[in-house]
$ cat data_19.txt   # compact mmCIF, C-alpha atoms
# COMPACT_ATOMS: atom_id res chain seq x y z
CA MET A 1 -26.25 -34.43 -81.66
CA ASP A 2 -24.15 -32.94 -78.86
CA LYS A 3 -24.87 -34.92 -75.68
CA LYS A 4 -23.15 -32.26 -73.58
CA ALA A 5 -26.32 -30.16 -73.93
CA MET A 6 -27.68 -32.31 -71.07
CA TYR A 7 -25.03 -30.80 -68.80
CA LYS A 8 -26.60 -27.35 -69.31
CA LEU A 9 -29.68 -28.39 -67.35
CA SER A 10 -29.65 -26.89 -63.87
CA TYR A 11 -28.85 -29.57 -61.29
CA GLY A 12 -28.31 -29.36 -57.58
CA LEU A 13 -26.18 -31.90 -55.72
CA PHE A 14 -27.35 -33.79 -52.66
CA VAL A 15 -26.42 -36.57 -50.26
CA LEU A 16 -29.29 -39.02 -49.85
CA THR A 17 -29.03 -40.92 -46.56
CA THR A 18 -31.04 -43.76 -45.06
CA LYS A 19 -30.67 -46.52 -42.48
CA LEU A 20 -31.55 -50.20 -42.39
CA GLY A 21 -30.95 -52.14 -39.20
CA ASP A 22 -27.71 -50.83 -37.72
CA LYS A 23 -26.25 -49.64 -41.04
CA ASP A 24 -26.21 -45.98 -42.08
CA ASN A 25 -25.49 -45.31 -45.73
CA GLY A 26 -25.74 -42.55 -48.32
CA CYS A 27 -25.07 -41.66 -51.93
CA ILE A 28 -24.86 -38.61 -54.16
CA THR A 29 -27.87 -37.70 -56.30
CA ASN A 30 -28.48 -34.70 -58.55
CA THR A 31 -32.20 -35.07 -59.18
CA ALA A 32 -34.00 -33.87 -56.04
CA ILE A 33 -36.84 -31.43 -56.81
CA GLN A 34 -40.05 -30.25 -55.20
CA VAL A 35 -43.00 -31.62 -57.17
CA THR A 36 -45.96 -30.31 -55.13
CA SER A 37 -46.33 -27.76 -52.35
CA GLU A 38 -49.66 -28.94 -50.96
CA PRO A 39 -49.01 -31.60 -49.83
CA ASN A 40 -45.29 -30.85 -49.74
CA ARG A 41 -43.61 -33.56 -51.81
CA ILE A 42 -40.20 -34.00 -53.43
CA ALA A 43 -38.91 -36.51 -55.95
CA PHE A 44 -35.48 -37.91 -56.75
CA ALA A 45 -34.03 -40.75 -58.81
CA VAL A 46 -31.55 -43.31 -57.46
CA ASN A 47 -29.41 -45.72 -59.46
CA LYS A 48 -30.39 -49.32 -58.76
CA ALA A 49 -26.69 -50.24 -58.52
CA ASN A 50 -26.39 -48.21 -55.31
CA LEU A 51 -26.81 -49.91 -51.94
CA THR A 52 -28.69 -46.79 -50.78
CA HIS A 53 -31.35 -47.62 -53.38
CA ASP A 54 -31.95 -51.09 -51.94
CA MET A 55 -31.95 -49.81 -48.38
CA LEU A 56 -34.45 -47.05 -49.18
CA MET A 57 -36.74 -49.50 -50.98
CA GLU A 58 -37.08 -51.30 -47.65
CA SER A 59 -36.77 -48.52 -45.06
CA LYS A 60 -38.87 -45.92 -46.95
CA VAL A 61 -37.40 -43.19 -44.71
CA PHE A 62 -34.57 -40.82 -45.64
CA ASN A 63 -32.88 -37.45 -45.40
CA ILE A 64 -31.65 -35.31 -48.28
CA SER A 65 -28.66 -33.08 -47.39
CA ILE A 66 -28.29 -30.18 -49.82
CA LEU A 67 -24.63 -29.64 -50.71
CA SER A 68 -23.32 -26.09 -50.75
CA GLU A 69 -20.44 -24.35 -52.48
CA GLU A 70 -18.45 -24.93 -49.29
CA ALA A 71 -18.46 -28.69 -49.86
CA SER A 72 -15.02 -30.21 -50.45
CA PHE A 73 -14.25 -32.83 -53.04
CA ASP A 74 -13.77 -35.30 -50.18
CA VAL A 75 -17.55 -35.25 -49.57
CA PHE A 76 -18.15 -36.30 -53.16
CA LYS A 77 -15.51 -39.03 -52.98
CA ARG A 78 -16.95 -40.37 -49.72
CA PHE A 79 -20.57 -40.60 -50.84
CA GLY A 80 -20.21 -40.79 -54.63
CA PHE A 81 -17.08 -42.75 -55.55
CA GLN A 82 -17.25 -45.80 -53.31
CA SER A 83 -19.84 -48.45 -52.59
CA GLY A 84 -21.55 -48.93 -49.26
CA ARG A 85 -21.37 -52.66 -49.98
CA GLU A 86 -17.60 -52.48 -49.63
CA VAL A 87 -16.97 -49.69 -47.10
CA ASP A 88 -18.62 -47.95 -44.17
CA LYS A 89 -19.10 -44.43 -45.52
CA PHE A 90 -19.57 -43.10 -41.99
CA GLU A 91 -16.35 -44.61 -40.67
CA ASP A 92 -14.20 -41.80 -39.18
CA TYR A 93 -17.07 -39.33 -39.75
CA VAL A 94 -17.61 -37.48 -36.47
CA LEU A 95 -21.09 -37.17 -34.95
CA ASP A 96 -22.14 -33.52 -34.34
CA LYS A 97 -19.16 -32.33 -36.42
CA ASP A 98 -19.61 -34.00 -39.81
CA TYR A 99 -23.16 -35.30 -39.39
CA LYS A 100 -26.14 -35.47 -37.05
CA VAL A 101 -29.13 -37.73 -36.56
CA ALA A 102 -32.53 -36.20 -37.30
CA GLU A 103 -35.78 -36.91 -35.46
CA ASN A 104 -36.63 -39.59 -38.03
CA GLY A 105 -33.55 -41.56 -36.95
CA MET A 106 -31.72 -40.95 -40.24
CA THR A 107 -28.37 -39.18 -40.52
CA TYR A 108 -27.93 -35.87 -42.29
CA ILE A 109 -24.65 -34.31 -43.36
CA LEU A 110 -23.18 -31.17 -41.78
CA ASP A 111 -19.97 -31.28 -43.81
CA GLY A 112 -20.46 -28.83 -46.71
CA THR A 113 -24.26 -28.66 -46.62
CA ASN A 114 -26.67 -25.76 -46.14
CA SER A 115 -29.90 -27.57 -45.25
CA TYR A 116 -31.59 -30.94 -45.03
CA ILE A 117 -35.02 -32.37 -45.78
CA SER A 118 -36.54 -35.44 -44.11
CA GLY A 119 -39.18 -37.57 -45.75
CA THR A 120 -40.96 -40.85 -46.33
CA VAL A 121 -41.56 -42.63 -49.62
CA PHE A 122 -45.07 -42.06 -51.00
CA ALA A 123 -44.74 -43.74 -54.41
CA ARG A 124 -42.12 -45.29 -56.69
CA LEU A 125 -41.68 -45.45 -60.47
CA ASP A 126 -39.38 -47.96 -62.16
CA LEU A 127 -37.21 -46.15 -64.72
CA GLY A 128 -35.09 -49.11 -65.78
CA THR A 129 -31.61 -48.30 -64.43
CA HIS A 130 -33.07 -46.02 -61.73
CA THR A 131 -36.08 -45.79 -59.46
CA LEU A 132 -37.91 -42.49 -59.10
CA PHE A 133 -39.00 -41.97 -55.51
CA ILE A 134 -41.88 -39.54 -54.84
CA CYS A 135 -41.88 -38.61 -51.17
CA ASP A 136 -43.73 -36.74 -48.45
CA VAL A 137 -41.66 -34.12 -46.61
CA THR A 138 -41.82 -34.64 -42.83
CA ASP A 139 -39.23 -32.16 -41.56
CA MET A 140 -36.54 -29.75 -42.79
CA ASP A 141 -34.08 -27.18 -41.52
CA VAL A 142 -31.58 -24.61 -42.82
CA LEU A 143 -28.00 -25.12 -41.61
CA SER A 144 -26.13 -22.24 -43.28
CA ASP A 145 -26.49 -19.37 -45.75
CA ALA A 146 -23.88 -20.79 -48.16
CA PRO A 147 -25.19 -20.99 -51.75
CA SER A 148 -26.26 -24.41 -52.98
CA ALA A 149 -23.75 -26.18 -55.22
CA THR A 150 -25.04 -26.70 -58.74
CA TYR A 151 -23.73 -29.41 -61.03
CA ASP A 152 -22.03 -26.71 -63.11
CA TYR A 153 -20.36 -25.26 -59.99
CA TYR A 154 -19.11 -28.73 -59.07
CA GLN A 155 -17.64 -29.25 -62.55
CA ASN A 156 -15.86 -25.88 -62.59
CA ASN A 157 -14.86 -25.35 -58.97
CA ILE A 158 -14.86 -28.58 -56.95
CA LYS A 159 -13.95 -31.48 -59.22
CA PRO A 160 -10.17 -31.70 -59.83
CA LYS A 161 -9.05 -30.49 -63.25
CA PRO A 162 -7.26 -32.87 -65.66
CA GLN A 163 -3.92 -31.24 -64.83
CA ASP A 164 -4.52 -31.92 -61.13
CA ILE A 165 -5.40 -35.52 -61.92
CA ALA A 166 -2.16 -35.88 -63.85
CA LYS A 167 -0.26 -34.72 -60.75
CA GLY A 168 -1.55 -37.68 -58.81
CA ASP A 169 -5.01 -37.01 -57.43
CA THR A 170 -6.56 -40.41 -56.73
CA VAL A 171 -9.75 -39.53 -58.61
CA GLY A 172 -7.83 -39.98 -61.85
CA THR A 173 -6.78 -43.59 -61.36
CA VAL A 174 -6.57 -45.21 -64.79
CA GLN A 175 -7.92 -48.67 -65.53
CA LYS A 176 -6.04 -50.16 -68.49
CA ASP A 177 -7.21 -52.45 -71.24
CA GLU A 178 -4.22 -54.80 -71.35
CA THR A 179 -4.77 -55.43 -75.08
CA SER A 180 -4.27 -51.74 -75.87
CA THR A 181 -0.93 -50.43 -77.15
CA GLY A 182 -1.97 -46.79 -77.54
CA LYS A 183 -2.58 -43.83 -75.26
CA THR A 184 -6.29 -43.33 -75.75
CA ILE A 185 -8.04 -42.35 -72.51
CA TRP A 186 -11.76 -42.42 -71.84
CA ARG A 187 -12.58 -40.05 -68.98
CA CYS A 188 -15.87 -39.99 -67.10
CA THR A 189 -17.22 -36.44 -67.34
CA VAL A 190 -19.11 -36.93 -64.07
CA CYS A 191 -16.40 -38.07 -61.64
CA GLY A 192 -13.10 -38.04 -63.57
CA TYR A 193 -12.51 -41.81 -63.59
CA GLU A 194 -10.25 -42.85 -66.50
CA TRP A 195 -10.07 -46.00 -68.63
CA GLU A 196 -7.20 -46.56 -71.07
CA GLY A 197 -7.92 -48.36 -74.34
CA GLU A 198 -8.84 -47.80 -77.97
CA GLU A 199 -12.56 -48.47 -77.59
CA LEU A 200 -14.61 -48.29 -74.42
CA PRO A 201 -17.00 -51.29 -74.25
CA ASP A 202 -20.61 -50.36 -75.00
CA ASP A 203 -21.79 -51.85 -71.70
CA PHE A 204 -19.09 -50.15 -69.63
CA ILE A 205 -20.31 -48.66 -66.34
CA CYS A 206 -18.12 -46.26 -64.37
CA PRO A 207 -17.05 -48.16 -61.24
CA TRP A 208 -17.18 -44.97 -59.17
CA CYS A 209 -20.28 -42.98 -60.15
CA LYS A 210 -22.12 -45.75 -62.05
CA HIS A 211 -22.61 -43.65 -65.21
CA PRO A 212 -22.60 -45.36 -68.64
CA LYS A 213 -20.37 -45.05 -71.69
CA ALA A 214 -22.39 -42.05 -72.91
CA ASP A 215 -20.89 -39.97 -70.09
CA PHE A 216 -17.27 -40.67 -71.09
CA GLU A 217 -15.17 -38.44 -73.35
CA LYS A 218 -12.34 -39.70 -75.55
CA ILE A 219 -8.91 -38.15 -75.02
CA VAL A 220 -5.91 -39.01 -77.19
CA ARG A 221 -2.48 -38.45 -75.63

$ encode --input "data_19.txt" --output "structure tokens"
Amino acid sequence: MDKKAMYKLSYGLFVLTTKLGDKDNGCITNTAIQVTSEPNRIAFAVNKANLTHDMLMESKVFNISILSEEASFDVFKRFGFQSGREVDKFEDYVLDKDYKVAENGMTYILDGTNSYISGTVFARLDLGTHTLFICDVTDMDVLSDAPSATYDYYQNNIKPKPQDIAKGDTVGTVQKDETSTGKTIWRCTVCGYEWEGEELPDDFICPWCKHPKADFEKIVR
């Protein structure tokens, strides 16, 4: 069985944002789809390890910013490769330049996006590692004519290539198994994170994008 067949599914890429109290936060998701047109509803899944998940469970209000092909890798690093529990993802982001606040009080991203959709949570489904949120659309707007970034476009045009990682891009930081004496690298196919060691633990979770061992490829150097 070739698990890479899953990568052939057509995915978009989005920044899901919400707010709880005074804290704005957001994360990357690739699962947003329209599920009904009347009433207009969308659905998306969020990893339970993400702070955005816990905030949305309580706030029940959000925006989805649709990333375009003009998005830089910095957008993905900001919202996908760090935790809102440890950093303020909106620190040094400039209001009205990088993001705005919609009528629902939630932020939406201007940096590398072509539109946004506002909504409220209608129903939830526990999927184990993720929660599927089914939501009513309350507002939306188009921001640019730039084509939406698909997961395939991200892999081939936005994410740094292995040779770029080797030249020092921070996305390729290697975590070493100190018991290993070889040069076997396990690279996350989603974000590029690398772990050095002979065998990747079965319960290993990527510290950046929160994907499991199944999404790592073995590279022998």

$ residues_around --input "data_19.txt" --residues "Lys218 (chain A)" --least-positions-apart "3" --cutoff "10 Å" --atoms "only C-alpha atoms" --output "list of chain:residue names"
A:Thr184, A:Ile185, A:Trp186, A:Arg187, A:Cys188, A:Glu194, A:Trp195, A:Glu196, A:Gly197, A:Glu198, A:Glu199, A:Leu200, A:Arg221

$ closest_residue --input "data_19.txt" --among "A:Val15, A:Leu9, A:Leu51, A:Cys135" --to "Thr36 (chain A)" --atoms "all atoms listed in the file"
A:Cys135

$ atom_distance --input "data_19.txt" --atom1 "CA of Asn114 (chain A)" --atom2 "CA of Ser144 (chain A)"
4.6 Å

$ closest_atom_pairs --input "data_19.txt" --of "region 137-156 of chain A" --to "region 115-123 of chain A" --cutoff "8 Å" --atoms "only C-alpha atoms" --output "CSV"
residue,atom,partner,partner_atom,distance
A:Val137,CA,A:Gly119,CA,4.3
A:Thr138,CA,A:Gly119,CA,4.9
A:Asp139,CA,A:Ser118,CA,4.9
A:Met140,CA,A:Ile117,CA,4.3
A:Asp141,CA,A:Ser115,CA,5.6
A:Val142,CA,A:Ser115,CA,4.2
A:Leu143,CA,A:Ser115,CA,4.8
A:Ser144,CA,A:Ser115,CA,6.8

$ write_last_selection --input "data_19.txt" --atoms "C-alpha atoms" --output "compact mmCIF listing (two decimals), in the coordinates of the input"
# COMPACT_ATOMS: atom_id res chain seq x y z
CA VAL A 137 -41.66 -34.12 -46.61
CA THR A 138 -41.82 -34.64 -42.83
CA ASP A 139 -39.23 -32.16 -41.56
CA MET A 140 -36.54 -29.75 -42.79
CA ASP A 141 -34.08 -27.18 -41.52
CA VAL A 142 -31.58 -24.61 -42.82
CA LEU A 143 -28.00 -25.12 -41.61
CA SER A 144 -26.13 -22.24 -43.28

$ closest_residue --input "data_19.txt" --among "A:Ser148, A:Asn63, A:Thr31, A:Ser72" --to "Ile109 (chain A)" --atoms "all atoms listed in the file"
A:Asn63

$ atom_distance --input "data_19.txt" --atom1 "CA of Asn47 (chain A)" --atom2 "CA of Thr129 (chain A)"
6.0 Å

$ residues_around --input "data_19.txt" --residues "Val101 (chain A)" --least-positions-apart "3" --cutoff "12 Å" --atoms "only C-alpha atoms" --output "list in words"
Thr17, Thr18, Lys19, Asp24, Phe62, Asn63, Ser65, Val94, Leu95, Asp96, Lys97, Asp98, Asn104, Gly105, Met106, Thr107, Tyr108, Ile109, Leu110, Tyr116 and Ser118 of chain A

$ closest_residue --input "data_19.txt" --among "A:Phe44, A:Tyr154, A:Tyr93, A:Phe81" --to "Trp208 (chain A)" --atoms "all atoms listed in the file"
A:Phe81

$ residues_near_point --input "data_19.txt" --point "(-19.8, -27.3, -65.8)" --cutoff "10 Å" --atoms "only C-alpha atoms" --output "JSON, numbers by chain"
{"A": [4, 7, 8, 150, 151, 152, 153, 154, 155, 156, 157, 159, 189, 190]}

$ closest_residue --input "data_19.txt" --among "A:Gly84, A:Phe133, A:Phe14, A:Ala32" --to "Lys60 (chain A)" --atoms "all atoms listed in the file"
A:Phe133

$ closest_residue --input "data_19.txt" --among "A:Asn25, A:Gln82, A:Asn30, A:Ser10" --to "Thr52 (chain A)" --atoms "all atoms listed in the file"
A:Asn25

$ atom_distance --input "data_19.txt" --atom1 "CA of His53 (chain A)" --atom2 "CA of Asp202 (chain A)"
24.3 Å

$ closest_residue --input "data_19.txt" --among "A:Gly12, A:Asp126, A:Gly192, A:Thr131" --to "Glu69 (chain A)" --atoms "all atoms listed in the file"
A:Gly12

$ residues_around --input "data_19.txt" --residues "Ile33 (chain A)" --least-positions-apart "6" --cutoff "10 Å" --atoms "all atoms listed in the file" --output "list of chain:residue names"
A:Tyr11, A:Gly12, A:Arg41, A:Ile42, A:Ala43, A:Phe44, A:Ala45, A:Ile134

$ build_atoms --input "data_19.txt" --residues "region 133-151 of chain A" --atoms "N, CA and C atoms" --output "mmCIF file, keeping the file's coordinate frame"
data_model
loop_
_atom_site.group_PDB
_atom_site.id
_atom_site.type_symbol
_atom_site.label_atom_id
_atom_site.label_comp_id
_atom_site.auth_asym_id
_atom_site.auth_seq_id
_atom_site.Cartn_x
_atom_site.Cartn_y
_atom_site.Cartn_z
ATOM 1 N N PHE A 133 -38.287 -41.966 -56.774
ATOM 2 C CA PHE A 133 -39.000 -41.970 -55.510
ATOM 3 C C PHE A 133 -39.763 -40.640 -55.358
ATOM 4 N N ILE A 134 -41.054 -40.713 -55.116
ATOM 5 C CA ILE A 134 -41.880 -39.540 -54.840
ATOM 6 C C ILE A 134 -42.209 -39.597 -53.345
ATOM 7 N N CYS A 135 -41.919 -38.513 -52.625
ATOM 8 C CA CYS A 135 -41.880 -38.610 -51.170
ATOM 9 C C CYS A 135 -42.585 -37.451 -50.477
ATOM 10 N N ASP A 136 -43.142 -37.759 -49.315
ATOM 11 C CA ASP A 136 -43.730 -36.740 -48.450
ATOM 12 C C ASP A 136 -42.637 -36.140 -47.570
ATOM 13 N N VAL A 137 -42.606 -34.813 -47.486
ATOM 14 C CA VAL A 137 -41.660 -34.120 -46.610
ATOM 15 C C VAL A 137 -42.217 -34.126 -45.189
ATOM 16 N N THR A 138 -41.391 -34.564 -44.230
ATOM 17 C CA THR A 138 -41.820 -34.640 -42.830
ATOM 18 C C THR A 138 -41.125 -33.627 -41.930
ATOM 19 N N ASP A 139 -39.971 -33.129 -42.358
ATOM 20 C CA ASP A 139 -39.230 -32.160 -41.560
ATOM 21 C C ASP A 139 -38.178 -31.519 -42.457
ATOM 22 N N MET A 140 -37.616 -30.392 -42.030
ATOM 23 C CA MET A 140 -36.540 -29.750 -42.790
ATOM 24 C C MET A 140 -35.955 -28.633 -41.940
ATOM 25 N N ASP A 141 -34.705 -28.264 -42.259
ATOM 26 C CA ASP A 141 -34.080 -27.180 -41.520
ATOM 27 C C ASP A 141 -32.958 -26.586 -42.360
ATOM 28 N N VAL A 142 -32.686 -25.305 -42.153
ATOM 29 C CA VAL A 142 -31.580 -24.610 -42.820
ATOM 30 C C VAL A 142 -30.385 -24.631 -41.877
ATOM 31 N N LEU A 143 -29.219 -24.986 -42.416
ATOM 32 C CA LEU A 143 -28.000 -25.120 -41.610
ATOM 33 C C LEU A 143 -27.023 -23.979 -41.824
ATOM 34 N N SER A 144 -27.039 -23.363 -43.003
ATOM 35 C CA SER A 144 -26.130 -22.240 -43.280
ATOM 36 C C SER A 144 -26.680 -21.425 -44.431
ATOM 37 N N ASP A 145 -26.082 -20.246 -44.659
ATOM 38 C CA ASP A 145 -26.490 -19.370 -45.750
ATOM 39 C C ASP A 145 -25.638 -19.571 -47.008
ATOM 40 N N ALA A 146 -24.739 -20.551 -47.000
ATOM 41 C CA ALA A 146 -23.880 -20.790 -48.160
ATOM 42 C C ALA A 146 -24.722 -21.179 -49.370
ATOM 43 N N PRO A 147 -24.411 -20.659 -50.558
ATOM 44 C CA PRO A 147 -25.190 -20.990 -51.750
ATOM 45 C C PRO A 147 -25.136 -22.484 -52.066
ATOM 46 N N SER A 148 -26.224 -23.000 -52.593
ATOM 47 C CA SER A 148 -26.260 -24.410 -52.980
ATOM 48 C C SER A 148 -25.317 -24.660 -54.150
ATOM 49 N N ALA A 149 -24.661 -25.807 -54.137
ATOM 50 C CA ALA A 149 -23.750 -26.180 -55.220
ATOM 51 C C ALA A 149 -24.545 -26.754 -56.382
ATOM 52 N N THR A 150 -24.425 -26.151 -57.536
ATOM 53 C CA THR A 150 -25.040 -26.700 -58.740
ATOM 54 C C THR A 150 -24.068 -27.683 -59.388
ATOM 55 N N TYR A 151 -24.585 -28.465 -60.307
ATOM 56 C CA TYR A 151 -23.730 -29.410 -61.030
ATOM 57 C C TYR A 151 -22.649 -28.652 -61.800
#
